[in-house]
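So this block is data-v3.txt, compact mmCIF, N, CA, C and O atoms:
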```
# COMPACT_ATOMS: atom_id res chain seq x y z
N MET S 1 0.85 -1.17 0.00
CA MET S 1 0.00 0.00 0.00
C MET S 1 0.90 1.23 0.00
O MET S 1 1.79 1.36 0.82
N GLY S 2 0.68 2.12 -0.91
CA GLY S 2 1.48 3.34 -1.00
C GLY S 2 0.88 4.45 -0.18
O GLY S 2 -0.24 4.36 0.32
N SER S 3 1.65 5.49 0.01
CA SER S 3 1.14 6.64 0.73
C SER S 3 0.99 7.80 -0.25
O SER S 3 1.70 7.88 -1.25
N VAL S 4 0.06 8.67 0.05
CA VAL S 4 -0.19 9.83 -0.78
C VAL S 4 0.35 11.05 -0.06
O VAL S 4 -0.02 11.32 1.08
N MET S 5 1.25 11.76 -0.70
CA MET S 5 1.81 12.97 -0.11
C MET S 5 0.88 14.14 -0.41
O MET S 5 0.35 14.25 -1.51
N THR S 6 0.68 14.98 0.56
CA THR S 6 -0.18 16.13 0.39
C THR S 6 0.47 17.33 1.04
O THR S 6 1.29 17.19 1.95
N SER S 7 0.12 18.50 0.60
CA SER S 7 0.68 19.73 1.16
C SER S 7 -0.01 20.06 2.48
O SER S 7 -1.17 19.70 2.69
N ALA S 8 0.69 20.76 3.34
CA ALA S 8 0.11 21.24 4.58
C ALA S 8 0.34 22.74 4.65
O ALA S 8 1.40 23.23 4.27
N TYR S 9 -0.66 23.46 5.09
CA TYR S 9 -0.58 24.91 5.20
C TYR S 9 -0.96 25.29 6.62
O TYR S 9 -1.83 24.69 7.22
N VAL S 10 -0.31 26.30 7.16
CA VAL S 10 -0.66 26.83 8.47
C VAL S 10 -1.15 28.23 8.25
O VAL S 10 -0.47 29.05 7.62
N THR S 11 -2.32 28.53 8.75
CA THR S 11 -2.92 29.84 8.57
C THR S 11 -3.71 30.20 9.81
O THR S 11 -3.84 29.38 10.72
N THR S 12 -4.22 31.39 9.86
CA THR S 12 -4.98 31.87 11.01
C THR S 12 -6.39 32.22 10.57
O THR S 12 -6.58 32.76 9.48
N VAL S 13 -7.35 31.93 11.40
CA VAL S 13 -8.74 32.28 11.10
C VAL S 13 -8.88 33.79 11.23
O VAL S 13 -8.49 34.38 12.24
N GLY S 14 -9.43 34.42 10.21
CA GLY S 14 -9.61 35.87 10.20
C GLY S 14 -10.82 36.29 11.02
O GLY S 14 -11.61 35.46 11.47
N ALA S 15 -10.97 37.59 11.20
CA ALA S 15 -12.09 38.15 11.98
C ALA S 15 -13.43 37.73 11.38
O ALA S 15 -14.42 37.59 12.10
N ASP S 16 -13.46 37.52 10.06
CA ASP S 16 -14.70 37.10 9.40
C ASP S 16 -14.83 35.58 9.36
O ASP S 16 -15.66 35.04 8.64
N ARG S 17 -14.00 34.88 10.14
CA ARG S 17 -14.00 33.43 10.29
C ARG S 17 -13.61 32.70 9.01
O ARG S 17 -13.98 31.56 8.79
N THR S 18 -12.83 33.35 8.16
CA THR S 18 -12.33 32.70 6.94
C THR S 18 -10.84 32.42 7.11
O THR S 18 -10.16 33.01 7.95
N ILE S 19 -10.34 31.51 6.30
CA ILE S 19 -8.91 31.22 6.26
C ILE S 19 -8.41 31.50 4.85
O ILE S 19 -9.16 31.41 3.89
N LYS S 20 -7.16 31.86 4.73
CA LYS S 20 -6.54 32.15 3.43
C LYS S 20 -5.70 30.95 3.02
O LYS S 20 -4.95 30.40 3.82
N LEU S 21 -5.84 30.56 1.76
CA LEU S 21 -5.04 29.49 1.20
C LEU S 21 -4.34 30.01 -0.05
O LEU S 21 -4.77 30.99 -0.64
N PRO S 22 -3.26 29.34 -0.46
CA PRO S 22 -2.55 29.81 -1.66
C PRO S 22 -3.46 29.77 -2.89
O PRO S 22 -4.37 28.94 -2.97
N PRO S 23 -3.18 30.63 -3.85
CA PRO S 23 -4.03 30.68 -5.04
C PRO S 23 -4.02 29.39 -5.87
O PRO S 23 -4.96 29.14 -6.62
N ASP S 24 -3.00 28.54 -5.69
CA ASP S 24 -2.99 27.31 -6.47
C ASP S 24 -3.89 26.22 -5.88
O ASP S 24 -4.05 25.15 -6.46
N MET S 25 -4.52 26.51 -4.73
CA MET S 25 -5.47 25.56 -4.14
C MET S 25 -6.75 25.63 -4.97
O MET S 25 -7.38 26.68 -5.06
N PRO S 26 -7.14 24.52 -5.61
CA PRO S 26 -8.32 24.59 -6.48
C PRO S 26 -9.61 24.80 -5.70
O PRO S 26 -9.79 24.27 -4.60
N VAL S 27 -10.49 25.59 -6.28
CA VAL S 27 -11.82 25.79 -5.70
C VAL S 27 -12.52 24.44 -5.67
O VAL S 27 -12.47 23.68 -6.63
N GLY S 28 -13.14 24.12 -4.55
CA GLY S 28 -13.83 22.84 -4.41
C GLY S 28 -12.96 21.74 -3.83
O GLY S 28 -13.44 20.62 -3.62
N ALA S 29 -11.68 22.03 -3.59
CA ALA S 29 -10.79 21.01 -3.02
C ALA S 29 -11.25 20.66 -1.61
O ALA S 29 -11.75 21.51 -0.87
N THR S 30 -11.10 19.41 -1.24
CA THR S 30 -11.41 18.99 0.12
C THR S 30 -10.20 19.29 0.99
O THR S 30 -9.08 18.93 0.65
N VAL S 31 -10.44 19.97 2.10
CA VAL S 31 -9.35 20.34 3.00
C VAL S 31 -9.71 19.89 4.41
O VAL S 31 -10.88 19.69 4.73
N ALA S 32 -8.71 19.73 5.24
CA ALA S 32 -8.91 19.42 6.65
C ALA S 32 -8.48 20.63 7.46
O ALA S 32 -7.45 21.24 7.16
N VAL S 33 -9.26 20.97 8.46
CA VAL S 33 -8.91 22.08 9.33
C VAL S 33 -8.75 21.53 10.74
O VAL S 33 -9.65 20.87 11.26
N ILE S 34 -7.60 21.77 11.33
CA ILE S 34 -7.31 21.29 12.68
C ILE S 34 -6.96 22.50 13.54
O ILE S 34 -6.04 23.25 13.20
N ALA S 35 -7.69 22.69 14.61
CA ALA S 35 -7.41 23.81 15.51
C ALA S 35 -6.20 23.45 16.38
O ALA S 35 -6.15 22.38 16.98
N VAL S 36 -5.21 24.33 16.40
CA VAL S 36 -4.01 24.13 17.21
C VAL S 36 -4.00 25.23 18.27
O VAL S 36 -4.01 26.41 17.93
N PRO S 37 -4.00 24.86 19.54
CA PRO S 37 -3.99 25.89 20.58
C PRO S 37 -2.80 26.81 20.44
O PRO S 37 -1.67 26.36 20.23
N THR S 38 -3.04 28.10 20.54
CA THR S 38 -1.97 29.09 20.43
C THR S 38 -0.89 28.84 21.48
O THR S 38 0.29 28.98 21.19
N SER S 39 -1.31 28.45 22.67
CA SER S 39 -0.33 28.24 23.74
C SER S 39 0.67 27.15 23.35
O SER S 39 1.84 27.24 23.70
N VAL S 40 0.23 26.13 22.62
CA VAL S 40 1.14 25.07 22.20
C VAL S 40 2.17 25.64 21.23
O VAL S 40 3.36 25.38 21.34
N LEU S 41 1.71 26.46 20.29
CA LEU S 41 2.62 27.06 19.32
C LEU S 41 3.63 27.96 20.02
O LEU S 41 4.80 27.97 19.68
N GLU S 42 3.18 28.73 21.00
CA GLU S 42 4.08 29.64 21.72
C GLU S 42 5.10 28.87 22.53
O GLU S 42 6.28 29.23 22.55
N VAL S 43 4.67 27.81 23.19
CA VAL S 43 5.59 26.99 23.98
C VAL S 43 6.62 26.34 23.06
O VAL S 43 7.81 26.31 23.36
N ASP S 44 6.15 25.80 21.92
CA ASP S 44 7.08 25.19 20.97
C ASP S 44 8.09 26.21 20.47
O ASP S 44 9.27 25.92 20.37
N ALA S 45 7.63 27.42 20.15
CA ALA S 45 8.52 28.46 19.64
C ALA S 45 9.54 28.85 20.71
O ALA S 45 10.72 29.02 20.41
N GLU S 46 9.09 28.98 21.96
CA GLU S 46 10.01 29.32 23.05
C GLU S 46 11.06 28.22 23.23
O GLU S 46 12.24 28.52 23.40
N ALA S 47 10.62 26.98 23.19
CA ALA S 47 11.55 25.87 23.36
C ALA S 47 12.55 25.82 22.21
O ALA S 47 13.75 25.59 22.43
N ARG S 48 12.08 26.05 20.98
CA ARG S 48 12.99 26.08 19.82
C ARG S 48 14.01 27.19 19.95
O ARG S 48 15.19 26.99 19.68
N ARG S 49 13.54 28.38 20.36
CA ARG S 49 14.47 29.51 20.52
C ARG S 49 15.50 29.20 21.61
O ARG S 49 16.68 29.52 21.46
N ALA S 50 15.07 28.58 22.69
CA ALA S 50 16.00 28.24 23.77
C ALA S 50 17.04 27.22 23.30
O ALA S 50 18.23 27.36 23.60
N ARG S 51 16.59 26.19 22.55
CA ARG S 51 17.54 25.20 22.04
C ARG S 51 18.52 25.84 21.06
O ARG S 51 19.71 25.55 21.07
N PHE S 52 18.01 26.73 20.21
CA PHE S 52 18.88 27.41 19.24
C PHE S 52 19.91 28.27 19.97
O PHE S 52 21.09 28.23 19.63
N ALA S 53 19.46 29.03 20.98
CA ALA S 53 20.39 29.89 21.73
C ALA S 53 21.46 29.05 22.42
O ALA S 53 22.64 29.41 22.42
N ALA S 54 21.06 27.92 23.00
CA ALA S 54 22.03 27.05 23.68
C ALA S 54 23.03 26.46 22.68
O ALA S 54 24.23 26.40 22.96
N THR S 55 22.54 26.05 21.54
CA THR S 55 23.42 25.50 20.51
C THR S 55 24.38 26.56 20.00
O THR S 55 25.58 26.31 19.84
N LEU S 56 23.87 27.75 19.74
CA LEU S 56 24.71 28.84 19.26
C LEU S 56 25.78 29.19 20.29
O LEU S 56 26.95 29.40 19.94
N ALA S 57 25.42 29.23 21.56
CA ALA S 57 26.39 29.52 22.61
C ALA S 57 27.48 28.44 22.66
O ALA S 57 28.66 28.75 22.81
N ALA S 58 27.08 27.19 22.50
CA ALA S 58 28.05 26.09 22.51
C ALA S 58 28.99 26.19 21.31
O ALA S 58 30.20 25.96 21.43
N ILE S 59 28.45 26.55 20.16
CA ILE S 59 29.28 26.70 18.95
C ILE S 59 30.28 27.84 19.15
O ILE S 59 31.46 27.71 18.82
N ARG S 60 29.80 28.96 19.68
CA ARG S 60 30.69 30.10 19.91
C ARG S 60 31.80 29.73 20.90
O ARG S 60 32.96 30.09 20.71
N GLU S 61 31.44 29.02 21.96
CA GLU S 61 32.42 28.62 22.97
C GLU S 61 33.46 27.68 22.36
O GLU S 61 34.66 27.83 22.59
N ALA S 62 32.99 26.74 21.55
CA ALA S 62 33.91 25.78 20.94
C ALA S 62 34.77 26.42 19.85
O ALA S 62 35.83 25.90 19.51
N SER S 63 34.33 27.57 19.33
CA SER S 63 35.06 28.24 18.25
C SER S 63 36.10 29.24 18.75
O SER S 63 36.87 29.77 17.96
N LYS S 64 36.12 29.48 20.05
CA LYS S 64 37.08 30.43 20.60
C LYS S 64 38.50 29.91 20.41
O LYS S 64 38.74 28.70 20.51
N PRO S 65 39.43 30.84 20.16
CA PRO S 65 40.84 30.41 20.06
C PRO S 65 41.28 29.74 21.36
O PRO S 65 40.95 30.18 22.45
N GLY S 66 41.98 28.64 21.21
CA GLY S 66 42.49 27.93 22.38
C GLY S 66 41.49 26.99 23.01
O GLY S 66 41.81 26.33 24.00
N ALA S 67 40.27 26.90 22.48
CA ALA S 67 39.28 25.99 23.04
C ALA S 67 39.73 24.55 22.79
O ALA S 67 40.29 24.25 21.75
N PRO S 68 39.50 23.68 23.76
CA PRO S 68 39.89 22.28 23.57
C PRO S 68 39.06 21.65 22.45
O PRO S 68 37.90 21.98 22.27
N HIS S 69 39.69 20.77 21.70
CA HIS S 69 38.99 20.09 20.61
C HIS S 69 38.84 18.62 20.95
O HIS S 69 39.78 17.99 21.45
N ALA S 70 37.66 18.09 20.68
CA ALA S 70 37.42 16.67 20.92
C ALA S 70 38.06 15.86 19.81
O ALA S 70 37.94 16.18 18.64
N ASN S 71 38.76 14.83 20.18
CA ASN S 71 39.35 13.93 19.20
C ASN S 71 38.44 12.72 19.08
O ASN S 71 38.56 11.75 19.82
N ILE S 72 37.48 12.80 18.15
CA ILE S 72 36.56 11.69 17.94
C ILE S 72 36.63 11.27 16.48
O ILE S 72 36.95 12.06 15.59
N SER S 73 36.28 10.02 16.25
CA SER S 73 36.31 9.48 14.89
C SER S 73 35.05 9.90 14.13
O SER S 73 34.07 10.36 14.72
N ASP S 74 35.09 9.73 12.82
CA ASP S 74 33.91 10.02 12.00
C ASP S 74 32.73 9.16 12.44
O ASP S 74 31.59 9.62 12.48
N ALA S 75 33.01 7.91 12.76
CA ALA S 75 31.94 6.99 13.18
C ALA S 75 31.30 7.47 14.49
O ALA S 75 30.08 7.43 14.64
N GLU S 76 32.14 7.93 15.43
CA GLU S 76 31.61 8.45 16.70
C GLU S 76 30.77 9.70 16.46
O GLU S 76 29.71 9.86 17.06
N LEU S 77 31.22 10.58 15.59
CA LEU S 77 30.48 11.79 15.27
C LEU S 77 29.15 11.45 14.62
O LEU S 77 28.11 12.00 14.98
N THR S 78 29.17 10.51 13.68
CA THR S 78 27.94 10.08 13.03
C THR S 78 26.96 9.51 14.04
O THR S 78 25.76 9.80 14.01
N ALA S 79 27.44 8.71 14.98
CA ALA S 79 26.58 8.13 16.01
C ALA S 79 25.98 9.22 16.89
O ALA S 79 24.80 9.16 17.25
N LEU S 80 26.77 10.24 17.24
CA LEU S 80 26.25 11.34 18.05
C LEU S 80 25.18 12.13 17.30
O LEU S 80 24.16 12.51 17.89
N VAL S 81 25.39 12.36 16.02
CA VAL S 81 24.40 13.08 15.22
C VAL S 81 23.11 12.27 15.13
O VAL S 81 22.01 12.82 15.31
N GLU S 82 23.20 10.98 14.90
CA GLU S 82 22.01 10.13 14.85
C GLU S 82 21.27 10.12 16.18
O GLU S 82 20.05 10.19 16.22
N LYS S 83 22.01 10.06 17.27
CA LYS S 83 21.40 10.09 18.60
C LYS S 83 20.67 11.41 18.81
O LYS S 83 19.55 11.43 19.33
N ALA S 84 21.28 12.52 18.40
CA ALA S 84 20.65 13.82 18.56
C ALA S 84 19.39 13.93 17.71
O ALA S 84 18.39 14.51 18.15
N ARG S 85 19.42 13.38 16.52
CA ARG S 85 18.25 13.44 15.64
C ARG S 85 17.07 12.66 16.23
O ARG S 85 15.92 13.03 16.03
N LYS S 86 17.36 11.58 16.92
CA LYS S 86 16.31 10.73 17.48
C LYS S 86 15.83 11.22 18.85
O LYS S 86 14.80 10.77 19.33
N ALA S 87 16.56 12.13 19.47
CA ALA S 87 16.21 12.60 20.81
C ALA S 87 14.95 13.44 20.76
O ALA S 87 14.71 14.17 19.81
N LYS S 88 14.15 13.33 21.78
CA LYS S 88 12.95 14.17 21.87
C LYS S 88 13.38 15.57 22.25
O LYS S 88 14.26 15.77 23.05
N ALA S 89 12.70 16.54 21.63
CA ALA S 89 13.04 17.94 21.89
C ALA S 89 12.56 18.37 23.25
O ALA S 89 11.65 17.92 23.81
```
Starting from the file, lay out its structure as structure tokens.
Amino acid sequence: MGSVMTSAYVTTVGADRTIKLPPDMPVGATVAVIAVPTSVLEVDAEARRARFAATLAAIREASKPGAPHANISDAELTALVEKARKAKA
């Protein structure tokens, strides 16, 4: 059984209770509307900004002249990257 890929759009309900979609969305297309609590989006955005700031600080610290360098193999680095990708945010 194959899967069907479809586009996803994020938009906001307007004061007149309408939503805006791109002009290439055909009239009469079937769409799904899922309400996402604003608080969830704000918490996610705050958490993303905090992770980005922490990562940026670590990169800056590691980039300073005289900073110690880790001597790890390519395989160890690949394993760390895979572990980070699978980690829950």
Å distance separating atom CA of S:Met25 from atom CA of S:Asp44, one decimal place: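 Between these atoms lies a distance of 28.1 Å.
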Can you list every residue of stretch 21-43 of chain S that has an atom at most 7 Å from stretch 47-63 of chain S, with its nearest atom pair and the distance in Å to one decimal, using only N, CA, C and O atoms, ordered by chain then number, as a Markdown table?
```
| residue | atom | partner | partner_atom | distance |
| --- | --- | --- | --- | --- |
| S:Leu41 | O | S:Ala47 | N | 6.9 |
| S:Glu42 | O | S:Ala47 | N | 4.9 |
| S:Val43 | O | S:Ala47 | N | 2.9 |
```
Could you please take those selected residues and save N, CA, C and O atoms as a PDB file, keeping the file's coordinate frame?
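Okay, this is what ended up in out_29.pdb:
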```
ATOM      1  N   LEU S  41       1.710  26.460  20.290  1.00  0.00           N
ATOM      2  CA  LEU S  41       2.620  27.060  19.320  1.00  0.00           C
ATOM      3  C   LEU S  41       3.630  27.960  20.020  1.00  0.00           C
ATOM      4  O   LEU S  41       4.800  27.970  19.680  1.00  0.00           O
ATOM      5  N   GLU S  42       3.180  28.730  21.000  1.00  0.00           N
ATOM      6  CA  GLU S  42       4.080  29.640  21.720  1.00  0.00           C
ATOM      7  C   GLU S  42       5.100  28.870  22.530  1.00  0.00           C
ATOM      8  O   GLU S  42       6.280  29.230  22.550  1.00  0.00           O
ATOM      9  N   VAL S  43       4.670  27.810  23.190  1.00  0.00           N
ATOM     10  CA  VAL S  43       5.590  26.990  23.980  1.00  0.00           C
ATOM     11  C   VAL S  43       6.620  26.340  23.060  1.00  0.00           C
ATOM     12  O   VAL S  43       7.810  26.310  23.360  1.00  0.00           O
TER      13      VAL S  43
END
```
Coordinates-based distance that separates atom O of S:Ala67 from atom O of S:Glu46 (Å, one decimal):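 Separation between atom O of S:Glu46 and atom O of S:Ala67: 28.4 Å.
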Best match for closeness to S:Val36 among S:Thr11, S:Asp24, S:Pro68, S:Ile19, counting all atoms listed in the file: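 Comparing S:Thr11, S:Asp24, S:Pro68, S:Ile19 against S:Val36, the winner is S:Thr11.
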Backbone-only DSSP, helix (DSSP H, G or I) members of stretch 30-81 of chain S, as a ChimeraX atom specification: /S:38-63,74-81
Interatomic distance (Å, one decimal) between atom N of S:Pro65 and atom CA of S:Leu77: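 Taking atom N of S:Pro65 as the start and atom CA of S:Leu77 as the end point, the length is 21.6 Å.
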